[in-house]
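> Here's a structure for you.
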Amino acid sequence: MITLDGVRKEYENEVAVRTLSLQVPPQQTTVLIGPSGSGKSTLLRLMIGLITPDAGTVTVNGQPLSDANVQALRHRMGYVIQEGGLFPHLTGRDNAALMAHHFGWSQARIDARLNELTDLVQLNPDRLSQSPSELSGGQRQRVSLMRALLLDPDVLLLDEPLGALDPMVRADLQDDLRTIFRRLGKTVVFVTHDIGEAGFFGDHLVLLRDGAIEQQDPMPALVHDPASTFVTDFIDVQRAPLDHLGDENRE
C-alpha cells in the first residue's frame, strides 16, 4: 500500500529522517511512535506528498510519488492533524464537505454522504452548523475525521489527532476511532508519542529514534523482546503513575 525505500530528509543540514525503508501493510493500523524529534510527523508528510524526500522513493498503491501524480494520489488519502486543522471561517458542514465542493458534487450527494459520516463518527448533525470555535475539541476532531473520510480514501494518515484533548474526551474518541478503523478496514498510519495509545490502536508499531527505526513489531514484541535498551526505557518511562506507586508500596 505505502512503501518508503531508502528515504532521507534534511532541514537546513539537520537530519529529520535518516536513510530508512518501511512498508505499511494494507488494511492494518501502523503506529509511528517515538519521542519528539524522532521523525514521526516527517514520515507522515512524506507519505502524503506534502514534502519530498532528499533521497529515496515513496510509493503509494504501486506508484512512486511525483509532481505528476501527487495530487491524484493525495485524494486517495485522508489526513487528520492535531486539533483538527479546521478552517475557522467555515462551518463544520463546509469544512467536512470541502473536497465535495471542490469536485462539484451535487447538494443531494453531499447531504447523503455527510449523513453517513455523522452516523459513523457519532456526531450530532446539528453541530455541523456551528463554527469550529463553537465546537469542543472532540467535536472538532470528529468533523476533521469526516473531512478526511469524505472521498472514501484507501488510506488514513493521522498525526497525533488526540494529543490536545482532555483525557476523558480522548478515551471516548479512542474507542470510537478504533471501532471506525475496524469497521472500514482501511490502511491507517497513526502518529503518537503515547505508548498506551500505540498499543491500543496498533497492529504494527514502528518505534523511531533520531530519524531512524529502532524497532518495528507488534506491541508484545516491543515489551517482551526489545531490540535495545532504548526500547525498554521508552516503554518504562511511560508506565502509569499508579504502577509506580505500586512499586513504592512494595519497597
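We label chains A, B, ... in the order they appear in the C-alpha cells, count residues from 1 in each chain, and number ligands from 1 in the order shown.
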As a PyMOL selection string, please: the residues near Leu128 of chain A (cut-off 10 Å, only C-alpha atoms, same-chain neighbours under 5 positions excluded).
chain A and resi 91-96+114+118+123+135+139-140+143
> Next, dump the selected residues to file, keeping only C-alpha atoms, as a CSV table (one decimal), in the first residue's frame.

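Written output follows (result.csv):
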chain,number,residue,atom,x,y,z
A,91,THR,CA,-18.9,25.9,9.5
A,92,GLY,CA,-18.4,22.3,10.4
A,93,ARG,CA,-20.5,21.3,7.4
A,94,ASP,CA,-18.5,23.3,5.0
A,95,ASN,CA,-15.2,22.1,6.5
A,96,ALA,CA,-16.4,18.5,6.2
A,114,LEU,CA,-22.5,13.8,5.4
A,118,THR,CA,-22.1,11.9,11.1
A,123,LEU,CA,-21.5,13.5,15.8
A,135,LEU,CA,-17.2,23.1,19.0
A,139,GLN,CA,-16.2,17.5,18.1
A,140,ARG,CA,-13.6,19.3,16.0
A,143,VAL,CA,-15.5,16.9,11.9
> Apply DSSP to the backbone of this structure and, from segment 14-170 of chain A, keep only the residues in alpha helix (DSSP H); write these as an MDAnalysis selection string.
chainID A and resid 40:48 70:74 92:96 98:102 107:121 137:149 167:170
> Which residues are close to Lys40 of chain A, i.e. within 7 Å by only C-alpha atoms, leaving aside same-chain residues fewer than 5 positions away? Reply as a ChimeraX atom specification.
/A:32-33,191
> Pick from A:Val189, A:Glu134, A:Pro153, A:Arg178: nearest to Arg74 of chain A, with only C-alpha atoms counted?
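Comparing A:Val189, A:Glu134, A:Pro153, A:Arg178 against Arg74 of chain A, the winner is A:Pro153.
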> Quick one: residues within 12 Å of Gly137 of chain A, only C-alpha atoms, excluding same-chain residues fewer than 5 positions away - as a PDB file with C-alpha atoms, in the first residue's frame?

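The new file around23.pdb reads:
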ATOM      1  CA  GLN A  82      -3.680  17.626  15.861  1.00  0.00           C
ATOM      2  CA  GLU A  83      -6.648  19.809  16.851  1.00  0.00           C
ATOM      3  CA  GLY A  84      -8.328  19.069  13.526  1.00  0.00           C
ATOM      4  CA  GLY A  85      -6.910  21.829  11.333  1.00  0.00           C
ATOM      5  CA  LEU A  86     -10.387  23.137  10.507  1.00  0.00           C
ATOM      6  CA  PRO A 132     -15.014  25.398  14.852  1.00  0.00           C
ATOM      7  CA  ARG A 142     -14.858  14.269  14.594  1.00  0.00           C
ATOM      8  CA  VAL A 143     -15.515  16.901  11.911  1.00  0.00           C
ATOM      9  CA  SER A 144     -11.891  16.633  10.805  1.00  0.00           C
ATOM     10  CA  PRO A 161      -5.053  13.568  16.388  1.00  0.00           C
ATOM     11  CA  LEU A 162      -5.870  13.132  20.085  1.00  0.00           C
ATOM     12  CA  GLY A 163      -2.847  14.789  21.652  1.00  0.00           C
ATOM     13  CA  ALA A 164      -4.544  18.064  22.678  1.00  0.00           C
ATOM     14  CA  LEU A 165      -7.726  16.570  24.101  1.00  0.00           C
ATOM     15  CA  ASP A 166      -8.927  16.262  27.681  1.00  0.00           C
ATOM     16  CA  PRO A 167      -8.149  12.732  28.951  1.00  0.00           C
ATOM     17  CA  MET A 168     -11.820  11.740  29.295  1.00  0.00           C
ATOM     18  CA  VAL A 169     -12.694  13.053  25.833  1.00  0.00           C
ATOM     19  CA  ARG A 170      -9.575  11.384  24.463  1.00  0.00           C
ATOM     20  CA  LEU A 173     -12.632   9.198  20.946  1.00  0.00           C
TER      21      LEU A 173
END
> Calculated over only C-alpha atoms, which of the candidates A:Asp67, A:Asp111, A:Asp210, A:Asp175 has the smallest distance to Pro125 of chain A?
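Under the stated criterion, the closest residue is A:Asp111.
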> Name the closest residue to Ala112 of chain A among the candidates A:Leu43, A:Leu150, A:Val80, A:Val7; distances are taken between atoms, counting only C-alpha atoms.
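Between A:Leu43, A:Leu150, A:Val80, A:Val7, the residue approaching Ala112 of chain A most closely is A:Leu150.
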> For Val70 of chain A, which residue among A:Leu117, A:Ala55, A:Val237, A:Leu50 is the nearest when counting only C-alpha atoms?
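So, comparing all the options, the nearest one is A:Leu50.
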> Out of A:Pro25, A:Gln130, A:Arg109, A:Thr187, which residue has the shortest atom-to-atom distance to His89 of chain A when counting only C-alpha atoms?
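Ranking A:Pro25, A:Gln130, A:Arg109, A:Thr187 by distance to His89 of chain A, first place goes to A:Gln130.
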> Go through A:Asp203, A:Arg209, A:Gln71, A:Gln27 one by one, measure the shortest atom-to-atom distance of each to Ala221 of chain A using only C-alpha atoms, and give the residue with the smallest value.
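Ranked by minimum distance to Ala221 of chain A, first place goes to A:Asp203.
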> Quick one: residues within 9 Å of Thr3 of chain A, only C-alpha atoms, excluding same-chain residues fewer than 6 positions away - as a list in words?
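My reading of the contact set: Ser21, Leu22, Gln23, Val24, Pro25, Met47, Thr57, Val58, Thr59, Val60, Asn61, Gly62 and Pro64 of chain A.
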> If you keep N, CA and C atoms, can you produce a file of those selected residues as a short mmCIF file (atom, residue, chain, number, x, y, z; two decimals), in the first residue's frame?

data_model
loop_
_atom_site.label_atom_id
_atom_site.label_comp_id
_atom_site.auth_asym_id
_atom_site.auth_seq_id
_atom_site.Cartn_x
_atom_site.Cartn_y
_atom_site.Cartn_z
N SER A 21 13.91 2.45 5.27
CA SER A 21 12.90 1.81 4.43
C SER A 21 11.80 1.26 5.33
N LEU A 22 10.57 1.38 4.85
CA LEU A 22 9.42 0.98 5.66
C LEU A 22 8.29 0.58 4.72
N GLN A 23 7.64 -0.52 5.03
CA GLN A 23 6.47 -0.94 4.28
C GLN A 23 5.27 -0.94 5.21
N VAL A 24 4.23 -0.20 4.81
CA VAL A 24 3.00 -0.11 5.59
C VAL A 24 2.04 -1.18 5.09
N PRO A 25 1.68 -2.15 5.93
CA PRO A 25 0.80 -3.23 5.47
C PRO A 25 -0.62 -2.73 5.22
N MET A 47 4.70 10.56 3.27
CA MET A 47 3.75 9.60 2.71
C MET A 47 2.65 10.27 1.91
N THR A 57 12.58 6.85 -2.46
CA THR A 57 11.27 6.97 -3.10
C THR A 57 10.16 6.61 -2.13
N VAL A 58 9.00 7.24 -2.33
CA VAL A 58 7.77 6.91 -1.61
C VAL A 58 6.79 6.39 -2.64
N THR A 59 6.29 5.18 -2.42
CA THR A 59 5.38 4.54 -3.38
C THR A 59 4.03 4.32 -2.72
N VAL A 60 2.97 4.73 -3.40
CA VAL A 60 1.60 4.56 -2.92
C VAL A 60 0.81 3.79 -3.97
N ASN A 61 0.23 2.67 -3.56
CA ASN A 61 -0.53 1.82 -4.49
C ASN A 61 0.29 1.49 -5.74
N GLY A 62 1.56 1.23 -5.54
CA GLY A 62 2.41 0.82 -6.66
C GLY A 62 2.94 1.95 -7.51
N PRO A 64 5.20 5.44 -7.61
CA PRO A 64 6.10 6.37 -6.91
C PRO A 64 5.52 7.79 -6.93
#
> Using DSSP assignments from the backbone, pull out every residue in segment 1-191 of chain A that falls under strand (DSSP E or B) and give it to me as a ChimeraX atom specification.
/A:2-11,14-24,29-33,55-60,63-64,77-81,155-159,187-191
> For the residues in that selection, give me C-alpha atoms as a PDB file, in the first residue's frame.

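Once everything was written out, this is out_29.pdb:
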ATOM      1  CA  ILE A   2       2.688   2.516   1.090  1.00  0.00           C
ATOM      2  CA  THR A   3       6.395   1.803   0.746  1.00  0.00           C
ATOM      3  CA  LEU A   4       9.333   4.011   1.685  1.00  0.00           C
ATOM      4  CA  ASP A   5      12.578   2.879   0.101  1.00  0.00           C
ATOM      5  CA  GLY A   6      15.865   4.434   1.227  1.00  0.00           C
ATOM      6  CA  VAL A   7      14.109   7.668   2.210  1.00  0.00           C
ATOM      7  CA  ARG A   8      16.074  10.533   3.744  1.00  0.00           C
ATOM      8  CA  LYS A   9      15.013  14.078   4.679  1.00  0.00           C
ATOM      9  CA  GLU A  10      17.013  17.028   5.990  1.00  0.00           C
ATOM     10  CA  TYR A  11      16.030  20.550   7.029  1.00  0.00           C
ATOM     11  CA  GLU A  14      19.564  18.883  10.297  1.00  0.00           C
ATOM     12  CA  VAL A  15      18.582  15.296   9.604  1.00  0.00           C
ATOM     13  CA  ALA A  16      14.870  14.671  10.265  1.00  0.00           C
ATOM     14  CA  VAL A  17      14.740  11.190   8.715  1.00  0.00           C
ATOM     15  CA  ARG A  18      17.855   9.127   8.205  1.00  0.00           C
ATOM     16  CA  THR A  19      18.016   6.730   5.296  1.00  0.00           C
ATOM     17  CA  LEU A  20      15.297   4.214   6.096  1.00  0.00           C
ATOM     18  CA  SER A  21      12.901   1.806   4.430  1.00  0.00           C
ATOM     19  CA  LEU A  22       9.420   0.980   5.656  1.00  0.00           C
ATOM     20  CA  GLN A  23       6.468  -0.944   4.277  1.00  0.00           C
ATOM     21  CA  VAL A  24       2.997  -0.108   5.591  1.00  0.00           C
ATOM     22  CA  THR A  29      -3.156   0.173  11.625  1.00  0.00           C
ATOM     23  CA  THR A  30       0.523   1.055  11.701  1.00  0.00           C
ATOM     24  CA  VAL A  31       1.543   3.332  14.558  1.00  0.00           C
ATOM     25  CA  LEU A  32       4.595   5.574  14.316  1.00  0.00           C
ATOM     26  CA  ILE A  33       5.822   6.230  17.834  1.00  0.00           C
ATOM     27  CA  ALA A  55      16.822  10.688  -1.350  1.00  0.00           C
ATOM     28  CA  GLY A  56      14.827   7.518  -1.901  1.00  0.00           C
ATOM     29  CA  THR A  57      11.268   6.974  -3.095  1.00  0.00           C
ATOM     30  CA  VAL A  58       7.773   6.914  -1.612  1.00  0.00           C
ATOM     31  CA  THR A  59       5.382   4.540  -3.379  1.00  0.00           C
ATOM     32  CA  VAL A  60       1.597   4.555  -2.915  1.00  0.00           C
ATOM     33  CA  GLN A  63       3.026   4.347  -7.965  1.00  0.00           C
ATOM     34  CA  PRO A  64       6.100   6.369  -6.915  1.00  0.00           C
ATOM     35  CA  MET A  77      -5.566   9.535   1.343  1.00  0.00           C
ATOM     36  CA  GLY A  78      -7.371  11.144   4.272  1.00  0.00           C
ATOM     37  CA  TYR A  79      -5.246  13.340   6.532  1.00  0.00           C
ATOM     38  CA  VAL A  80      -6.029  14.390  10.117  1.00  0.00           C
ATOM     39  CA  ILE A  81      -3.766  16.615  12.207  1.00  0.00           C
ATOM     40  CA  VAL A 155      -5.518   5.322   3.394  1.00  0.00           C
ATOM     41  CA  LEU A 156      -5.970   7.360   6.575  1.00  0.00           C
ATOM     42  CA  LEU A 157      -2.995   9.304   7.955  1.00  0.00           C
ATOM     43  CA  LEU A 158      -3.437  10.744  11.459  1.00  0.00           C
ATOM     44  CA  ASP A 159      -0.814  12.973  13.064  1.00  0.00           C
ATOM     45  CA  THR A 187      -4.940   1.188   5.816  1.00  0.00           C
ATOM     46  CA  VAL A 188      -4.191   3.524   8.736  1.00  0.00           C
ATOM     47  CA  VAL A 189      -0.965   5.235   9.768  1.00  0.00           C
ATOM     48  CA  PHE A 190      -1.288   6.811  13.216  1.00  0.00           C
ATOM     49  CA  VAL A 191       1.326   9.053  14.842  1.00  0.00           C
TER      50      VAL A 191
END
> One decimal, Å: what's the distance from atom CA of Glu160 of chain A over to atom CA of Thr192 of chain A, could you say?
5.0 Å
